[in-house]
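Below you'll find the structure, written out as structure tokens, and then a few comments.
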Amino acid sequence: MNLGAIARHRLFWPLVALVLLLVASALKSPAFLEVTVRDGHLFGGPVDILRRSSVLLLVALGMTLVIATRGIDLSVGAVMAIAGAVALSQIAASPDPGALSTVLLAMATALAVALAVGVFNGFLVAVVGIQPIVATLIFMTAGRGIAMLITGGQITTVTSAPYKTIASGYWLGLPVAALIAAFVFGVTALLTRRTALGVLIESVGINPSASRLAGVRARTIIWTVYVICAAFACIAGFIKSSDIMAADSNNAGLFIELDAILAVVIGGTSLAGGKFSLTGTLVGSLVITTLTLSITILGIPVNAVSLFKALVVIAVCLLQSPVVQHRMRSRRRRVAPVPVEVPA
Amino acid sequence: MTTSPTAIPPDQPDQPGEPDRPDARDREPVVAMTGITVTFPGVKALDGVDLRLFPGEVHALMGENGAGKSTLIKALTGVYAVDAGTIVVDGTARTFAGPAQAQAAGISTVYQEVNLCDNLSVAENVMLGHEVRRAGLVDFRGTRRAAREHLRALNLDIDPASTLSSHSLAVQQLVAICRAMVVDARVLILDEPTSSLDVDEVERLFAVVRDLRGRGVAILFVSHFLEQVYAISDRMTVLRNGTLVGEYRTADLPRVELVQKMIGRSLEVLEQLEEAPKRVAAERGVQPYVQALGLGRKGSIEPFDLDVYPGEVVGLAGLLGSGRTELARLLYGADRSDVGELRVEGQPTRLRTPRAALARRIVYSSESRKTEGIIGDLTVRENIVLGLQAERGWLRRIPQRKADEVVAQYVEQLGIRPADPDAIAGNLSGGNQQKVLLARWLATQPRLLLLDEPTRGIDVGAKAEIQRLVAELAEQGMAVVFISAELEEVLRLSHRIAVMRDRRKIGELVNGDDVTTDDVVDLIASGGQDA
Amino acid sequence: LGLAACGSSGSGDSSTDAASGGGDSGDLITVGFSQVGAESGWRAANTKSIQDTLTKDNGFDLKFSDAQQKQENQIQAIRSYIAQGVDYIAFSPVVESGWDAVLEEAKQANIPVILTDRAVDSEDTSLYKTFIGSDFVEEGKRIGEWVSDNLGTEPINVVELQGTTGSAPAIDRKQGFEDATKGNPNVKIIASQTGNFTRAEGKTVMEGFLQAYPDIDVVYAHNDDMGLGAIEAIEAAGKVPGKDIKIVSIDGVKDGMTALSEGKINYIVECNPLLGPDLADIIKTLQSGGTVEPRIVTHDDAFDQAAATAALPTRQY
Amino acid sequence: MLGTVVVLAVMLAVGGSRYENFLTGRVMANVLINNSFLVVLAVGMTFVILTGGIDLSVGAVVALSGCISAWMFTHGWSAGITIPVCVLVGTLVGLVVGVMVHVFEIQPFIATLAAMFLARGLCYLVAPESIPITDPTIVKLSQTRWGTDDGLVITPSGVIALAVVAIAFVVLHYTRFGRTVYAIGGSEQSARLMGLPVARTKVLVYVISGTCAGLGGLLFAIFSRSGYSLTGVGMELDAIAAVVIGGTLLTGGSGFVLGSVLGVAVLGLIQTIITFQGTLSSWWTKIVIGALLLVFVVLQRLLVLRRR
Ligand SMILES: Nc1ncnc2c1ncn2[C@@H]1O[C@H](COP(=O)(O)OP(=O)(O)OP(=O)(O)O)[C@@H](O)[C@H]1O
Ligand SMILES: Nc1ncnc2c1ncn2[C@@H]1O[C@H](COP(=O)(O)OP(=O)(O)OP(=O)(O)O)[C@@H](O)[C@H]1O
Ligand SMILES: [Mg+2]
Ligand SMILES: [Mg+2]
């Protein structure tokens with residue numbers, strides 16, 4: 001592959017941004033890129049990024065599928081809060097918070113609740129026919145209320161070794177959180193690319209009415225992606241609450257939906273639905289996580305954090321845009337963009 | 001006459017100096033495109049093509065599906081940028097940045113796929129950008145009045161205030177044509193305007209076109225109906241595979257030669273086309289595959305009875321908006337019936353979704369391939385196996401090998417071009433998209449095939465191919481419902497013809513050698529009293 | 001509108017009367033309270049204290065609303081209280097400025113206003129009766145002084161976990177700390193980043209600090225939650241919070257106090273959320289025609305590890 | 001939009017029967033007064049959503065415009081200069097977004113999200129702390145009340161908001177530009193092939209939304225007499241919700257600006273009901289907002305289906 005072709009790849013600029021952020025961080029703090037072995041675990045900046053990006057990646061994976069069907073799910077943050085609240089309040093109330101069985105039971109309950117939220121969202125979108133952004137806005141607001149209801153508005157703190165493992169543990173020298181995310185990523189990739197689910201999701205996203213006429217169960221598929229999205233958000237909620245060993249209903253996953261959508265789009269999936277790229281989402285998640293981390297490492301002044309974030313995002317988006325991509329090709333040509341049809 | 005299938009015959013384009021119409025010689029072409037080349041990633045859609053349009057002339061642009069006709073039009077109107085070549089309008093070289101600029105230069109275009117906004121009213125679609133205004137503000141009453149007049153010119157008596165989406169595709173096509181006439185254009189481009197119109201509408205359109213020609217407008221006309229081309233055009237340019245074959249005066253080019261130039265093959269295909277596909281009499285007495293008993297849907301179609309037997313082709317005849325599409329959609333479960341009963345192989349069945357119909361081996365190929373057929377961003381392969389896949393469910397993916405086999409078979413059989421399973425379906429030419437859609441349904445090996453305008457926008461060769469295919473499938477025992485605006489085609493293929501009018505089935509004819517289009521037209525006109 | 005209710009209500013120490021009087025709402029003092037939100041455990045405790053004190057049994061009819069951290073909601077709520085004709089309005093402003101207009105409306109309607117927890121910057125102090133709450137600058141100062149006196153005996157590197165950017169507590173606590181440590185050349189703030197007052201972000205930012213600065217001695221967290229997040233980060237990096245890296249913070253919520261008594265935090269300045277009783281007292285005083293100080297600073301303790309262990313069993317929040 | 005009206009009426013009836021002083025002129029007037037900035041935002045948002053786009057930057061632009069005006073006032077600029085500037089700040093952000101969306105073909109969601117970060121970032125630079133506004137013009141504007149003694153009043157902000165609605169209505173329905181907005185929402189490709197000025201319209205739509213956000217920022221500054229960098233967090237969602245509740249389709253091409261005004265009224269009423277209830281804890285507040293929203297959109301949806 002020649003250099004030009006690489007530069008034209010959809011993920012080229014996000015990857016460049018990723019590398020630049022890493023290099024800048026490493027220049028500021030030379031130890032940053034070192035990976036060392038300590039107590040049999042890997043330590044260091046890159047490992048840290050992997051561990052930290054797990055939450056965003058999980059949420060963004062679900063979001064990718066939802067977006068591929070032309071939807072959007074604003075309730076992911078609330079689902080994370082609910083997951084943490086249900087799991088931790090159950091663990092806190094149990095006589096033996098440290099027992100594996102307690103933790104598993106609590107997680108199962110939380111997952112059930114999260115799935116119920118997903119079913120609810122999917123029902124509103126696929127059956128009642130409410131526009132996704134509003135349908136999920138309902139749970140974005142109410143869900144956090146429910147989470148706070150469960151914890152009584154307090155931050156529920158627990159001490160439970162098995163639960164702590166989720167975010168802080170290591171297995172085979174790698175962070176458990178990253179392994180969970182990698183596992184879910186793998187499962188999603190298998191599910192969408194080894195079965196026909198992926199192509200059916202895309203077809204529903206590109207042209208819902210044609211898909212229906214082609215015999216695709218559009219409604220079921222749309223419903224399913226919201227459930228999957230809620231399930232992934234729930235797992236992300238476990239990691240987030242395990243990270244601080246507390247259920248912070250008000251703040252867990254606050255505004256993560258925006259980061260997730262950003263990750264999905266930087267990864268090359270269009271918000272208009274259709275073709276999606278899980279690898280792209282992975283790269284997008286890494287970019288955003290690294291961006292957040294580098295803010296601290298580079299010592300960006302507090303008042304300029306938002307500006308810094310905006311400039312990086314704008315730079316990546318501009319460079320990635322079809323127009324700039326065209327400009328950079330040696331052979332320039334103007335083709336009217338093929339707009340995605342939106343039936344009214 | 002023998003020419004190799006690949007090489008372009010060295011025809012001499014006629015000399016522009018030669019007088020064809022009395023006053024053409026002293027006129028400069030209003031549009032002259034020379035050496036136009038347009039490439040898409042991986043495809044050279046046009047390669048050094050010339051086109052000249054003269055005022056007061058109808059110029060036909062001919063070629064097979066995918067020959068590059070639409071691309072040439074889009075290159076002219078600035079939708080696509082050209083890689084090479086020049087466009088001269090009124091003696092000055094121009095490059096349009098988009099349709100808006102082309103329009104400003106007096107070039108008005110009706111593109112192949114209906115490109116209107118179906119959320120707006122008919123009046124607005126006709127008048128957008130040219131609304132009647134008073135004190136800077138849009139005067140809706142005046143706009144509607146103006147729109148109604150333009151619609152009348154095409155004999156289209158619809159309420160200008162109704163939303164566009166409430167009308168059938170054919171009406172939408174007429175509205176699109178209307179829109180192109182609103183501007184006082186000096187060049188009018190019509191890319192397959194007649195593909196879903198019936199005889200009357202076409203006549204009406206031609207009357208308008210002749211009138212415009214008389215007023216000195218240059219008209220570019222694309223159609224796969226040879227009769228129409230011969231009826232209206234003065235001159236034609238033939239394209240093949242993105243290259244120019246030549247420019248001819250219509251009068252000088254017999255049909256046989258034209259087809260030969262278009263497809264670069266001998267006369268075989270044309271002969272096939274002329275020859276009626278064999279209709280094998282249905283084995284009556286067998287149970288009908290599908291039986292509709294008083295099936296209907298309020299506001300869309302009155303209750304009707306219809307039997308379709310295996311091995312039988314049932315044609316649906318009727319004028320625009322007579323409810324043929326609605327009937328087919330009820331049989332497919334695309335719309336839910338609210339009265340009556342549907343029996344599949346004698347079993348009362350309720351089809352709530354297309355998927356349920358699919359499970360009973362009933363399939364429907366929609367007339368509007370753009371909104372209800374092709375999944376634009378998916379590949380040809382994915383589009384073709386979509387029906388099969390939907391039937392199998394999401395879990396059991398069709399193995400790559402099987403998919404490739406199926407796709408290869410139909411790409412070959414239907415002559416889908418480019419023959420690349422990984423091409424994005426939305427980028428195919430209109431006719432080829434139609435073939436892909438057909439392939440999708442044939443691949444599911446249905447028992448009942450509902451075809452709504454399957455030959456819309458398909459070139460002569462492919463059309464013959466499809467007709468033969470339908471006859472063949474029926475012979476093998478498939479039940480087919482065939483809808484087409486082209487009455488001859490319906491007559492040629494069907495064993496039985498159900499006649500529709502005003503959303504009602506008014507009668508049925510058993511087809512035979514003695515049945516002619518006039519019989520059908522009479523039946524429609526009489527409203528079924530004598531049926 | 002509000003006058004009639006004022007005139008008719010009972011005098012002085014009416015709490016016992018009201019309790020026995022039961023449901024007669026004429027005797028109850030209607031108080032509209034607009035809370036900022038429920039953004040932290042501290043805030044939840046604050047809300048609970050107010051809801052538990054201004055009860056019917058104590059002679060109050062509390063109208064509570066949560067502004068979800070939006071000033072527009074709060075202004076809307078106050079306008080609504082005026083329309084409803086409550087006797088008193090109390091609120092914790094989301095932000096310092098921008099209250100003059102609505103407070104003037106309250107003043108015109110003769111409804112006395114009491115500010116809790118956070119101040120407003122109106123020049124016209126007649127717009128509200130009193131402001132009761134902690135002094136954020138003072139809190140920062142007390143932390144700064146403790147750090148300067150106890151840890152600043154040798155050169156130390158301090159990292160600061162700031163509250164939500166632009167919020168008054170974040171600005172004041174930063175200010176107070178800087179003022180107090182200015183004179184001590186040993187105390188050096190090497191980095192400062194916002195952790196949005198949350199545990200999760202506190203941890204995230206602290207992880208970044210630990211990557212970027214190998215030689216951190218002290219963490220100054222603007223609230224306990226961020227301090228608790230920092231503890232997690234420090235432990236994950238294999239260091240001992242409270243020893244290898246000292247932690248000081250503000251608030252004194254239960255989790256914070258527990259961590260303090262366990263030695264993971266070194267010093268906490270309390271920011272007392274239990275404003276309910278004080279608020280009730282002020283209203284009773286005003287109701288009986290008395291006057292109150294325009295600024296009432298709540299009593300805030302400060303705890304080191306020993307004091308925390310002693311205080312923990314009796315902590316209410 | 002009929003659905004919106006019906007549900008709104010139901011809400012008023014229920015509120016009136018449950019709470020004393022609910023159905024008073026003062027309360028109803030407050031719904032407009034307290035939400036005038038949201039009305040203006042929703043109007044701008046309606047333009048964008050009608051073309052099938054979305055604008056997430058408006059909340060942050062409100063903050064930016066407020067911060068800049070507060071900053072300018074404290075630095076001695078006069079109202080005559082400050083007021084236009086803070087509206088034009090919105091216009092500028094809208095222009096940047098429009099160019100990103102149209103010229104660079106960045107998806108509106110992302111372009112406006114970036115603009116949101118950018119505007120918010122600029123806020124922190126301009127006004128790290130909240131700045132009170134004491135300018136006499138602004139004070140005057142915020143204090144003026146026209147109307148009856150029983151509270152049925154209107155403020156200059158309310159008048160501005162209503163004027164914006166009226167202008168938007170005329171522009172959307174009676175100008176070529178407005179009709180092009182609808183056409184683009186129906187099908188952008190068709191609109192382009194029909195020779196409509198798609199480019200100009202798309203950019204202009206974001207400019208309008210930005211300008212409305214700038215104006216909204218001014219109204220918010222009048223409303224709160226301060227500039228604060230954290231103002232309007234999540235306000236874009238309120239505006240979007242109002243537009244959608246008002247019956248506009250997010251896919252574009254269908255909707256009315258008056259519907260959006262009703263949408264704002266619904267959100268305002270939900271908030272009013274909650275304060276009148278007065279017993280909801282913080283979490284129940286969130287749950288009730290969600291539940292009311294749910295009831296509302298489902299009812300509305302059912303009404304639409306019934307009419308089919
Ligand atoms: N946007 C595009 N991207 C890639 N290929 C394209 C695009 N548009 C057209 N093509 C290709 O260019 C060729 C010419 O297509 P065009 O639509 O001009 O054919 P046509 O002569 O109009 O055929 P039809 O009669 O079927 O309408 C086809 O092979 C088509 O696949
Ligand atoms: N010439 C016309 N004047 C008024 N309305 C029309 C006309 N043609 C079609 N319509 C409307 O279009 C709608 C769709 O009809 P339908 O799709 O069933 O037609 P069809 O028989 O399939 O014909 P075709 O597919 O050729 O348009 C009908 O509701 C009808 O009212
Ligand atoms: Mg074509
Ligand atoms: Mg039809």
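Numbering starts fresh at 1 for the residues of each chain in the structure tokens, the chains themselves are lettered A, B, ... in the order given, and ligands are numbered from 1 as they appear.
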Contact residues around Gln413 of chain B with only C-alpha atoms at 10 Å, ignoring same-chain residues under 3 positions, as a JSON list (two decimals) with N, CA, C and O atoms, in the first residue's frame:
```json
[["chain", "number", "residue", "atom", "x", "y", "z"],
["B", 407, "VAL", "N", -25.08, -14.79, -6.32],
["B", 407, "VAL", "CA", -24.86, -13.49, -6.94],
["B", 407, "VAL", "C", -24.30, -13.66, -8.34],
["B", 407, "VAL", "O", -24.79, -13.05, -9.30],
["B", 408, "ALA", "N", -23.32, -14.51, -8.46],
["B", 408, "ALA", "CA", -22.70, -14.72, -9.77],
["B", 408, "ALA", "C", -23.75, -15.17, -10.78],
["B", 408, "ALA", "O", -23.80, -14.69, -11.91],
["B", 409, "GLN", "N", -24.62, -16.08, -10.33],
["B", 409, "GLN", "CA", -25.64, -16.61, -11.22],
["B", 409, "GLN", "C", -26.52, -15.49, -11.78],
["B", 409, "GLN", "O", -26.74, -15.39, -12.98],
["B", 410, "TYR", "N", -26.99, -14.61, -10.86],
["B", 410, "TYR", "CA", -27.93, -13.60, -11.34],
["B", 410, "TYR", "C", -27.25, -12.45, -12.05],
["B", 410, "TYR", "O", -27.82, -11.86, -12.97],
["B", 416, "ILE", "N", -26.15, -7.89, -15.10],
["B", 416, "ILE", "CA", -25.96, -6.72, -14.26],
["B", 416, "ILE", "C", -24.57, -6.12, -14.53],
["B", 416, "ILE", "O", -23.57, -6.85, -14.58],
["B", 435, "LYS", "N", -32.40, -4.46, -12.00],
["B", 435, "LYS", "CA", -32.01, -5.87, -12.17],
["B", 435, "LYS", "C", -31.56, -6.47, -10.85],
["B", 435, "LYS", "O", -31.86, -7.62, -10.54],
["B", 439, "ALA", "N", -33.08, -9.64, -9.01],
["B", 439, "ALA", "CA", -32.23, -10.75, -8.59],
["B", 439, "ALA", "C", -32.49, -11.11, -7.13],
["B", 439, "ALA", "O", -32.53, -12.27, -6.75],
["B", 462, "ALA", "N", -32.24, -6.19, -22.01],
["B", 462, "ALA", "CA", -32.55, -6.71, -20.68],
["B", 462, "ALA", "C", -34.04, -6.94, -20.52],
["B", 462, "ALA", "O", -34.47, -7.87, -19.85],
["B", 465, "GLU", "N", -34.93, -10.07, -21.91],
["B", 465, "GLU", "CA", -34.41, -11.09, -21.00],
["B", 465, "GLU", "C", -35.38, -11.30, -19.83],
["B", 465, "GLU", "O", -35.71, -12.43, -19.46],
["B", 466, "ILE", "N", -35.85, -10.21, -19.27],
["B", 466, "ILE", "CA", -36.74, -10.31, -18.12],
["B", 466, "ILE", "C", -38.07, -10.93, -18.52],
["B", 466, "ILE", "O", -38.61, -11.79, -17.84],
["B", 469, "LEU", "N", -37.62, -14.47, -18.85],
["B", 469, "LEU", "CA", -37.44, -15.06, -17.53],
["B", 469, "LEU", "C", -38.79, -15.29, -16.86],
["B", 469, "LEU", "O", -39.05, -16.35, -16.29]]
```
12 Å shell around ligand 4 using only C-alpha atoms and all ligand atoms, listed as JSON, numbers by chain:
{"B": [167, 168, 169, 170, 171, 172, 173, 195, 196, 197, 198, 316, 317, 318, 319, 320, 321, 322, 323, 324, 325, 326, 327, 328, 329, 365, 366, 367, 368, 369, 450, 451, 452, 453, 454, 456, 482, 483, 484, 485, 486, 500, 503]}
Since we have the selection now, will you write its residues out, keeping C-alpha atoms, as an mmCIF file, in the first residue's frame?
```cif
data_model
loop_
_atom_site.group_PDB
_atom_site.id
_atom_site.type_symbol
_atom_site.label_atom_id
_atom_site.label_comp_id
_atom_site.auth_asym_id
_atom_site.auth_seq_id
_atom_site.Cartn_x
_atom_site.Cartn_y
_atom_site.Cartn_z
ATOM 1 C CA HIS B 167 -49.413 10.336 -5.325
ATOM 2 C CA SER B 168 -48.135 7.381 -7.205
ATOM 3 C CA LEU B 169 -44.734 7.369 -8.778
ATOM 4 C CA ALA B 170 -46.129 7.974 -12.222
ATOM 5 C CA VAL B 171 -47.869 11.113 -11.088
ATOM 6 C CA GLN B 172 -44.714 12.225 -9.362
ATOM 7 C CA GLN B 173 -42.871 11.741 -12.599
ATOM 8 C CA SER B 195 -40.575 4.973 -17.813
ATOM 9 C CA SER B 196 -43.727 4.628 -15.772
ATOM 10 C CA LEU B 197 -46.217 6.494 -17.883
ATOM 11 C CA ASP B 198 -48.935 4.839 -19.892
ATOM 12 C CA LEU B 316 -52.785 -6.061 -13.882
ATOM 13 C CA ALA B 317 -53.951 -3.424 -16.303
ATOM 14 C CA GLY B 318 -55.243 0.011 -15.487
ATOM 15 C CA LEU B 319 -54.471 3.654 -15.735
ATOM 16 C CA LEU B 320 -52.283 5.660 -13.440
ATOM 17 C CA GLY B 321 -53.453 5.527 -9.880
ATOM 18 C CA SER B 322 -55.965 2.833 -10.620
ATOM 19 C CA GLY B 323 -54.745 0.906 -7.607
ATOM 20 C CA ARG B 324 -52.522 -1.759 -9.086
ATOM 21 C CA THR B 325 -49.731 -1.034 -6.697
ATOM 22 C CA GLU B 326 -52.113 -1.056 -3.760
ATOM 23 C CA LEU B 327 -53.470 -4.417 -4.765
ATOM 24 C CA ALA B 328 -50.028 -5.927 -4.926
ATOM 25 C CA ARG B 329 -49.064 -4.429 -1.569
ATOM 26 C CA SER B 365 -40.675 -6.087 -6.155
ATOM 27 C CA SER B 366 -41.665 -2.475 -5.612
ATOM 28 C CA GLU B 367 -42.144 0.069 -8.367
ATOM 29 C CA SER B 368 -40.079 2.696 -6.580
ATOM 30 C CA ARG B 369 -36.722 1.089 -6.393
ATOM 31 C CA LEU B 450 -45.460 -9.809 -7.485
ATOM 32 C CA LEU B 451 -43.707 -7.621 -10.034
ATOM 33 C CA ASP B 452 -44.604 -3.940 -9.977
ATOM 34 C CA GLU B 453 -43.147 -2.282 -13.046
ATOM 35 C CA PRO B 454 -40.156 -4.607 -13.223
ATOM 36 C CA ARG B 456 -39.138 0.242 -15.714
ATOM 37 C CA PHE B 482 -47.229 -8.624 -13.441
ATOM 38 C CA ILE B 483 -47.828 -4.903 -13.362
ATOM 39 C CA SER B 484 -46.634 -2.645 -16.099
ATOM 40 C CA ALA B 485 -47.596 0.671 -17.547
ATOM 41 C CA GLU B 486 -46.847 -0.797 -20.941
ATOM 42 C CA MET B 500 -58.390 -1.971 -12.516
ATOM 43 C CA ARG B 503 -58.980 1.602 -7.087
#
```
Within-7 Å residues of ligand 1, basis only C-alpha atoms and all ligand atoms, as a compact mmCIF listing (two decimals) with N, CA, C and O atoms, in the first residue's frame:
```
# COMPACT_ATOMS: atom_id res chain seq x y z
N PHE B 40 -15.41 7.50 -12.12
CA PHE B 40 -15.68 7.26 -10.71
C PHE B 40 -14.65 6.28 -10.25
O PHE B 40 -14.08 5.56 -11.07
N PRO B 41 -14.42 6.24 -8.93
CA PRO B 41 -13.43 5.27 -8.45
C PRO B 41 -13.68 3.90 -9.06
O PRO B 41 -14.72 3.29 -8.85
N VAL B 43 -14.46 3.08 -12.10
CA VAL B 43 -15.28 2.99 -13.31
C VAL B 43 -15.02 4.21 -14.19
O VAL B 43 -15.03 5.33 -13.70
N ALA B 45 -16.96 6.04 -16.47
CA ALA B 45 -18.36 6.07 -16.88
C ALA B 45 -18.51 6.68 -18.28
O ALA B 45 -19.38 6.28 -19.02
N GLY B 63 -28.69 4.18 -25.43
CA GLY B 63 -27.66 3.28 -24.94
C GLY B 63 -28.25 2.31 -23.94
O GLY B 63 -29.34 2.53 -23.42
N GLU B 64 -27.51 1.25 -23.73
CA GLU B 64 -27.98 0.24 -22.77
C GLU B 64 -27.95 0.79 -21.35
O GLU B 64 -27.40 1.86 -21.12
N ASN B 65 -28.45 0.00 -20.43
CA ASN B 65 -28.32 0.38 -19.03
C ASN B 65 -26.85 0.49 -18.67
O ASN B 65 -26.06 -0.40 -18.97
N GLY B 66 -26.51 1.58 -18.06
CA GLY B 66 -25.12 1.75 -17.64
C GLY B 66 -24.23 2.27 -18.76
O GLY B 66 -23.02 2.36 -18.59
N ALA B 67 -24.82 2.65 -19.88
CA ALA B 67 -24.00 3.14 -20.98
C ALA B 67 -23.41 4.51 -20.65
O ALA B 67 -22.39 4.91 -21.20
N GLY B 68 -24.06 5.23 -19.76
CA GLY B 68 -23.52 6.53 -19.37
C GLY B 68 -24.42 7.70 -19.71
O GLY B 68 -24.01 8.85 -19.65
N LYS B 69 -25.66 7.41 -20.04
CA LYS B 69 -26.58 8.48 -20.45
C LYS B 69 -26.81 9.47 -19.29
O LYS B 69 -26.62 10.68 -19.44
N SER B 70 -27.20 8.91 -18.16
CA SER B 70 -27.48 9.79 -17.02
C SER B 70 -26.23 10.54 -16.59
O SER B 70 -26.29 11.71 -16.21
N THR B 71 -25.11 9.85 -16.66
CA THR B 71 -23.87 10.49 -16.26
C THR B 71 -23.55 11.68 -17.17
O THR B 71 -23.12 12.73 -16.70
N LEU B 72 -23.80 11.48 -18.45
CA LEU B 72 -23.54 12.56 -19.40
C LEU B 72 -24.41 13.77 -19.06
O LEU B 72 -23.96 14.92 -19.08
N GLN B 112 -33.31 11.20 -13.86
CA GLN B 112 -33.92 9.89 -14.04
C GLN B 112 -34.78 9.47 -12.86
O GLN B 112 -35.94 9.14 -13.01
N GLY B 242 -19.98 3.76 -22.17
CA GLY B 242 -19.29 4.99 -21.84
C GLY B 242 -18.56 5.63 -23.01
O GLY B 242 -17.89 6.63 -22.85
N ARG B 417 -24.53 -4.84 -14.74
CA ARG B 417 -23.27 -4.22 -15.06
C ARG B 417 -23.04 -2.99 -14.18
O ARG B 417 -23.98 -2.21 -14.00
N PRO B 418 -21.89 -2.76 -13.60
CA PRO B 418 -20.70 -3.60 -13.72
C PRO B 418 -20.90 -4.93 -13.00
O PRO B 418 -21.59 -4.97 -12.00
N ASN B 427 -24.72 3.25 -6.68
CA ASN B 427 -23.98 3.88 -7.77
C ASN B 427 -24.27 3.26 -9.13
O ASN B 427 -23.81 3.76 -10.15
N LEU B 428 -25.04 2.18 -9.12
CA LEU B 428 -25.36 1.55 -10.40
C LEU B 428 -26.31 2.43 -11.19
O LEU B 428 -27.02 3.26 -10.63
N SER B 429 -26.33 2.20 -12.49
CA SER B 429 -27.30 2.93 -13.29
C SER B 429 -28.70 2.42 -12.95
O SER B 429 -28.85 1.33 -12.42
N GLY B 430 -29.70 3.24 -13.26
CA GLY B 430 -31.06 2.93 -12.86
C GLY B 430 -31.50 1.53 -13.28
O GLY B 430 -32.05 0.76 -12.50
N GLY B 431 -31.25 1.21 -14.52
CA GLY B 431 -31.70 -0.07 -15.03
C GLY B 431 -31.03 -1.22 -14.29
O GLY B 431 -31.65 -2.23 -13.98
N ASN B 432 -29.76 -1.05 -14.01
CA ASN B 432 -29.04 -2.11 -13.33
C ASN B 432 -29.51 -2.28 -11.89
O ASN B 432 -29.52 -3.38 -11.35
N GLY B 457 -37.42 1.38 -16.92
CA GLY B 457 -36.06 1.88 -17.11
C GLY B 457 -35.05 0.83 -17.52
O GLY B 457 -33.86 0.98 -17.29
N ILE B 458 -35.54 -0.24 -18.10
CA ILE B 458 -34.61 -1.30 -18.48
C ILE B 458 -34.42 -1.29 -19.98
O ILE B 458 -35.37 -1.06 -20.74
N ASP B 459 -33.20 -1.54 -20.43
CA ASP B 459 -32.94 -1.42 -21.86
C ASP B 459 -33.55 -2.59 -22.62
O ASP B 459 -33.95 -3.59 -22.04
```
Apply DSSP to the backbone of this structure and, from segment 52-82 of chain C, keep only the residues in strand (DSSP E); write these as a PyMOL selection string.
chain C and resi 60-66
Practice item. Write out as a ChimeraX atom specification each polymer residue whose atoms come within 9 Å of Ser249 of chain C, counting only C-alpha atoms; drop sequence neighbours fewer than 4 positions from it. Key: /C:140,143,219-227,256,265-270
Who sits within 10 Å of Arg315 of chain C, only C-alpha atoms, same chain under 6 positions skipped, as a PyMOL selection string: chain C and resi 252-254+257+308
Let's have the selection written as an mmCIF file, in the first residue's frame, with C-alpha atoms.
```
data_model
loop_
_atom_site.group_PDB
_atom_site.id
_atom_site.type_symbol
_atom_site.label_atom_id
_atom_site.label_comp_id
_atom_site.auth_asym_id
_atom_site.auth_seq_id
_atom_site.Cartn_x
_atom_site.Cartn_y
_atom_site.Cartn_z
ATOM 1 C CA GLY C 252 -16.262 16.367 56.146
ATOM 2 C CA VAL C 253 -18.806 13.961 54.717
ATOM 3 C CA LYS C 254 -18.929 10.555 56.317
ATOM 4 C CA MET C 257 -14.184 11.363 57.815
ATOM 5 C CA ALA C 308 -12.042 12.423 63.165
#
```
message = If DSSP is run on the backbone, what residues of segment 9-221 of chain C are alpha helix (DSSP H)? A reply as a count of residues only would be ideal.
response = 82
Non-local contacts of segment 88-99 of chain D (9 Å; only C-alpha atoms; under 6 positions in same chain excluded) as a PyMOL selection string: chain D and resi 55+57-58+61-62+64-65+68+105+108+111-112+114-115+119+202-215+217
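Distance criterion 7 Å to chain C, applied with only C-alpha atoms, yields Asn21, Arg26, Val27, Asn34, Pro128, Glu129, Ser130, Ile131, Pro132, Ser142, Gln143, Ser224, Arg225, Ser226, Ser229, Thr275, Gly278, Thr279, Leu280, Ser282 and Thr285 of chain D on chain D.
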